[in-house]
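A short write-up of the structure that comes next.
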Amino acid sequence: MEKKIYADYHGPRCTRECDGEVAQWKYYGTAKKSRAAQTYANHNADFIGPDGLHDLAARCYPLVGMQSQRDPIYIEYQILTAKAAHIDGFFVEWGFREHKSNQELLMMLKMAEKYDFEVGINWCDAWHFYPWIEEFHKDAVTRERKVELFKENVQYLLDTLYSTSYGATVDGHPIILIFGGGPTLEEFSDIRNCSYRLPEGVKQPCFIVRAPINGTVGEDGKVNYYLEENGWPEVMDGMFGWIPTRVREGLADDGFKSWDRYAVLQDSRAYLDALYKAFGEKGCRVRIGSVNPEMDNRACASWNKHDLSHIPRERGKTYEGMWESLVDNSSQVDVAYIVSWNDYTESHQVEPTLQEGYRELLTTRKYGARWKGLAEESSAGWETEVLSLPLHLFQVRKQVEFYRKTGFQTEPYDKALDDIAGCLSNGRYGEAKLNLLGVEELISSLGDMLRSWEVELTQENGGLSLNADQLTICCGKTLEEMERYYFRACLSFEYLDDDEESFQILHGRQELCDGKKDGSGLYKQVRIRLFKESLHGIVQERELTILGNMEIRNVKLLIKLYSPV
């Protein structure tokens, strides 16, 4: 079997500019089963700090900034960056056809075809049996009906994802990862034995279960990992590794007292040893080993459900150590699975960040080459440059997108950038770099043909009026300019943080901001970005509505408008 590297793809994450929402960039909740001193998290992604960064539900900040997973430019950046690190595909964490995760899957499919990138799913099958699906299927109130819908979703995946040449397969069999917690063994037997319509050349799906590995701390202080006998490995085609199980008690340990449980590098290696042993014992047809850089679920308060756990990143040593184990035991493993590409809420992303840069992707590229038997690059500097070229392309794409919104014709630049993206996808990095610099120089001339000006509206200068729950833009000339020209704006104000209630700011039905107070009793300064895409018909509807019990003062709206000369 050809050695492959896949990465888990988490979502959804959105932006106001692209989607009108922020999704999981925002999160608040309490780790209900935690006994740690701090169990509460509140991240308001619409709020911008003094450093210009959004308050994301993340311990690290994306190097590319807060972006939307439904933005083709961002998905292109992610795929090209992953390919530069020898990653073959993303496995989207997926629920069912009507779930928001399907939007991420469909967007990913469009870009995957363009750049010869594989796509699979990590089926969060428990979502299928939550009441969530009843919103779309009113009759799905019984287990029997939900099982039937599960079969329909398997068929949907076969028809959409695995009818393409870029659906992740092994020997012609679609790979479907099953995270667990959904159907029972009996229900799954019914699902598996269903007669599905298979696309031409496609074989029966391979269902791979998350390895049920647990552990205990021995008297020698080492963690002894073992495979739980729950019946699932026997009915599946294989198992996949996940984040090493955290079984050490953290609360009493000075280094880990912010978490209930933790694991260290030696535990991560021991977890993999138990996984290799389980592959052999259960005769797995498909064996997927995992590598994981970190785990820290404080940003999402353990999804408002569980306790807090941690695996330290150790400046990249944890990730590197797991890769070393995987490469040393490559004869026992078919696929390397990275957990994850972008799960910022649990801090196990390998996507480049401001704090870690490209370190984890350099490790992926290094050990990925060994894993696949490729020649390794000798220059670390060149490898970093290779990995950073997709970011450079992303930044130029965003410049061109901005000029298009302000009124320029940008088709020639888009075509040139498409060609550069093709070079990156095919590993022609030197050519891509040279051409990218040329296009960047060409579009810089557009800046000389762009006029921009700023308008500041306040209550004091009569530009704004604040009454009860409405903020009105009073300046008619500014409203007309906002309607006519492209603009970006920043709304700033202070609010009294007097309770723990949520509040929203809307223009018509469009939500501009969704925040939650902490109850500190203090006035807090807030800055929020506003986009033309969210303020339709601003001349006719000049009011912004504030929902929630809010005491606001010192309101200011700074607008920057743009027009071709």
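By order of appearance in the structure tokens: chains A, B, ..., then residues from 1 within every chain, and ligands from 1 in the order shown.
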Write down as JSON, numbers by chain the residues belonging to region 242-353 of chain A that are assigned alpha helix (DSSP H) by DSSP computed on the backbone. {"A": [265, 266, 267, 268, 269, 270, 271, 272, 273, 274, 275, 276, 277, 278, 279, 280, 281, 317, 318, 319, 320, 321, 322, 323, 324, 325, 326, 327, 328]}
Please, which residues in region 13-59 of chain A fall within 7 Å of region 292-312 of chain A when counting only C-alpha atoms, and what is the closest atom pair and distance in Å to one decimal for each, ordered by chain then residue number, as a tab-separated table?
residue	atom	partner	partner_atom	distance
A:Tyr27	CA	A:Cys300	CA	6.0
A:Tyr28	CA	A:Cys300	CA	6.6
A:Gly29	CA	A:Asn304	CA	4.9
A:Thr30	CA	A:Asn304	CA	4.8
A:Ala31	CA	A:Ala301	CA	4.6
A:Lys32	CA	A:Lys305	CA	5.3
A:Lys33	CA	A:Asp307	CA	4.6
A:Ser34	CA	A:Asp307	CA	4.0
A:Thr39	CA	A:Ala301	CA	6.2
A:Tyr40	CA	A:Ala301	CA	6.0
A:Ala41	CA	A:Ala301	CA	5.6
A:Ala57	CA	A:Ala299	CA	5.2
A:Ala58	CA	A:Ala299	CA	5.5
A:Arg59	CA	A:Ala299	CA	6.5
Hey, can you spit out that residue selection with N, CA, C and O atoms as a PDB file, in the first residue's frame?
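Written out: result-v9.pdb:
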ATOM      1  N   TYR A  27     -16.396  31.095  21.223  1.00  0.00           N
ATOM      2  CA  TYR A  27     -16.890  30.018  22.080  1.00  0.00           C
ATOM      3  C   TYR A  27     -16.939  30.484  23.523  1.00  0.00           C
ATOM      4  O   TYR A  27     -16.041  31.201  23.977  1.00  0.00           O
ATOM      5  N   TYR A  28     -17.991  30.086  24.214  1.00  0.00           N
ATOM      6  CA  TYR A  28     -18.032  30.323  25.648  1.00  0.00           C
ATOM      7  C   TYR A  28     -18.730  29.139  26.312  1.00  0.00           C
ATOM      8  O   TYR A  28     -19.602  28.495  25.728  1.00  0.00           O
ATOM      9  N   GLY A  29     -18.287  28.821  27.511  1.00  0.00           N
ATOM     10  CA  GLY A  29     -18.879  27.712  28.250  1.00  0.00           C
ATOM     11  C   GLY A  29     -18.065  27.380  29.474  1.00  0.00           C
ATOM     12  O   GLY A  29     -17.073  28.046  29.797  1.00  0.00           O
ATOM     13  N   THR A  30     -18.475  26.334  30.155  1.00  0.00           N
ATOM     14  CA  THR A  30     -17.819  25.875  31.378  1.00  0.00           C
ATOM     15  C   THR A  30     -17.565  24.373  31.272  1.00  0.00           C
ATOM     16  O   THR A  30     -18.450  23.618  30.865  1.00  0.00           O
ATOM     17  N   ALA A  31     -16.348  23.961  31.602  1.00  0.00           N
ATOM     18  CA  ALA A  31     -16.015  22.536  31.621  1.00  0.00           C
ATOM     19  C   ALA A  31     -16.714  21.895  32.817  1.00  0.00           C
ATOM     20  O   ALA A  31     -16.218  21.926  33.943  1.00  0.00           O
ATOM     21  N   LYS A  32     -17.884  21.326  32.572  1.00  0.00           N
ATOM     22  CA  LYS A  32     -18.792  20.939  33.645  1.00  0.00           C
ATOM     23  C   LYS A  32     -18.260  19.820  34.535  1.00  0.00           C
ATOM     24  O   LYS A  32     -18.678  19.692  35.686  1.00  0.00           O
ATOM     25  N   LYS A  33     -17.352  19.003  34.028  1.00  0.00           N
ATOM     26  CA  LYS A  33     -16.837  17.890  34.822  1.00  0.00           C
ATOM     27  C   LYS A  33     -15.437  18.160  35.362  1.00  0.00           C
ATOM     28  O   LYS A  33     -14.793  17.271  35.914  1.00  0.00           O
ATOM     29  N   SER A  34     -14.968  19.399  35.208  1.00  0.00           N
ATOM     30  CA  SER A  34     -13.626  19.731  35.668  1.00  0.00           C
ATOM     31  C   SER A  34     -13.628  20.190  37.122  1.00  0.00           C
ATOM     32  O   SER A  34     -14.571  20.836  37.589  1.00  0.00           O
ATOM     33  N   THR A  39     -12.489  27.013  35.085  1.00  0.00           N
ATOM     34  CA  THR A  39     -13.185  26.115  34.165  1.00  0.00           C
ATOM     35  C   THR A  39     -13.995  26.858  33.105  1.00  0.00           C
ATOM     36  O   THR A  39     -14.586  26.235  32.240  1.00  0.00           O
ATOM     37  N   TYR A  40     -14.010  28.185  33.176  1.00  0.00           N
ATOM     38  CA  TYR A  40     -14.862  28.998  32.309  1.00  0.00           C
ATOM     39  C   TYR A  40     -14.039  29.614  31.187  1.00  0.00           C
ATOM     40  O   TYR A  40     -12.895  30.040  31.395  1.00  0.00           O
ATOM     41  N   ALA A  41     -14.615  29.642  29.982  1.00  0.00           N
ATOM     42  CA  ALA A  41     -13.980  30.293  28.839  1.00  0.00           C
ATOM     43  C   ALA A  41     -14.998  31.188  28.149  1.00  0.00           C
ATOM     44  O   ALA A  41     -16.169  30.825  28.023  1.00  0.00           O
ATOM     45  N   ALA A  57     -11.308  31.773  19.933  1.00  0.00           N
ATOM     46  CA  ALA A  57     -11.315  30.610  20.820  1.00  0.00           C
ATOM     47  C   ALA A  57     -10.131  29.737  20.442  1.00  0.00           C
ATOM     48  O   ALA A  57     -10.253  28.696  19.793  1.00  0.00           O
ATOM     49  N   ALA A  58      -8.954  30.188  20.844  1.00  0.00           N
ATOM     50  CA  ALA A  58      -7.709  29.531  20.459  1.00  0.00           C
ATOM     51  C   ALA A  58      -6.605  29.950  21.414  1.00  0.00           C
ATOM     52  O   ALA A  58      -6.600  31.083  21.905  1.00  0.00           O
ATOM     53  N   ARG A  59      -5.666  29.045  21.642  1.00  0.00           N
ATOM     54  CA  ARG A  59      -4.492  29.375  22.450  1.00  0.00           C
ATOM     55  C   ARG A  59      -3.394  29.989  21.586  1.00  0.00           C
ATOM     56  O   ARG A  59      -2.519  30.682  22.091  1.00  0.00           O
TER      57      ARG A  59
END
Closest atom pairs, residues of region 243-353 of chain A within 12 Å of region 195-206 of chain A, only C-alpha atoms, as a Markdown table:
| residue | atom | partner | partner_atom | distance |
| --- | --- | --- | --- | --- |
| A:Cys284 | CA | A:Cys206 | CA | 11.1 |
| A:Arg285 | CA | A:Cys206 | CA | 9.1 |
| A:Val286 | CA | A:Cys206 | CA | 8.3 |
| A:Arg287 | CA | A:Cys206 | CA | 11.4 |
Residues near Ser340 (chain A), anyone? I mean within 6 Å using only C-alpha atoms, not counting same-chain ones fewer than 4 positions away, as a list in words. Ala7, Asp8, His348 and Gln349 of chain A
For the strand (DSSP E) assignment from backbone DSSP, which residues of region 286-465 of chain A qualify? Please present them as a ChimeraX atom specification. /A:286-291,295-296,309-311,335-338,450-458,464-465
Neighbours of Gly357 (chain A) within 12 Å (only C-alpha atoms; same-chain residues fewer than 2 positions away dropped), as an NGL selection string? :A and (60-64 or 315-316 or 349-355 or 359-363 or 384 or 387-388 or 391)
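A straight line drawn from CA of Trp323 (chain A) to CA of Val92 (chain A) is 21.8 Å long.
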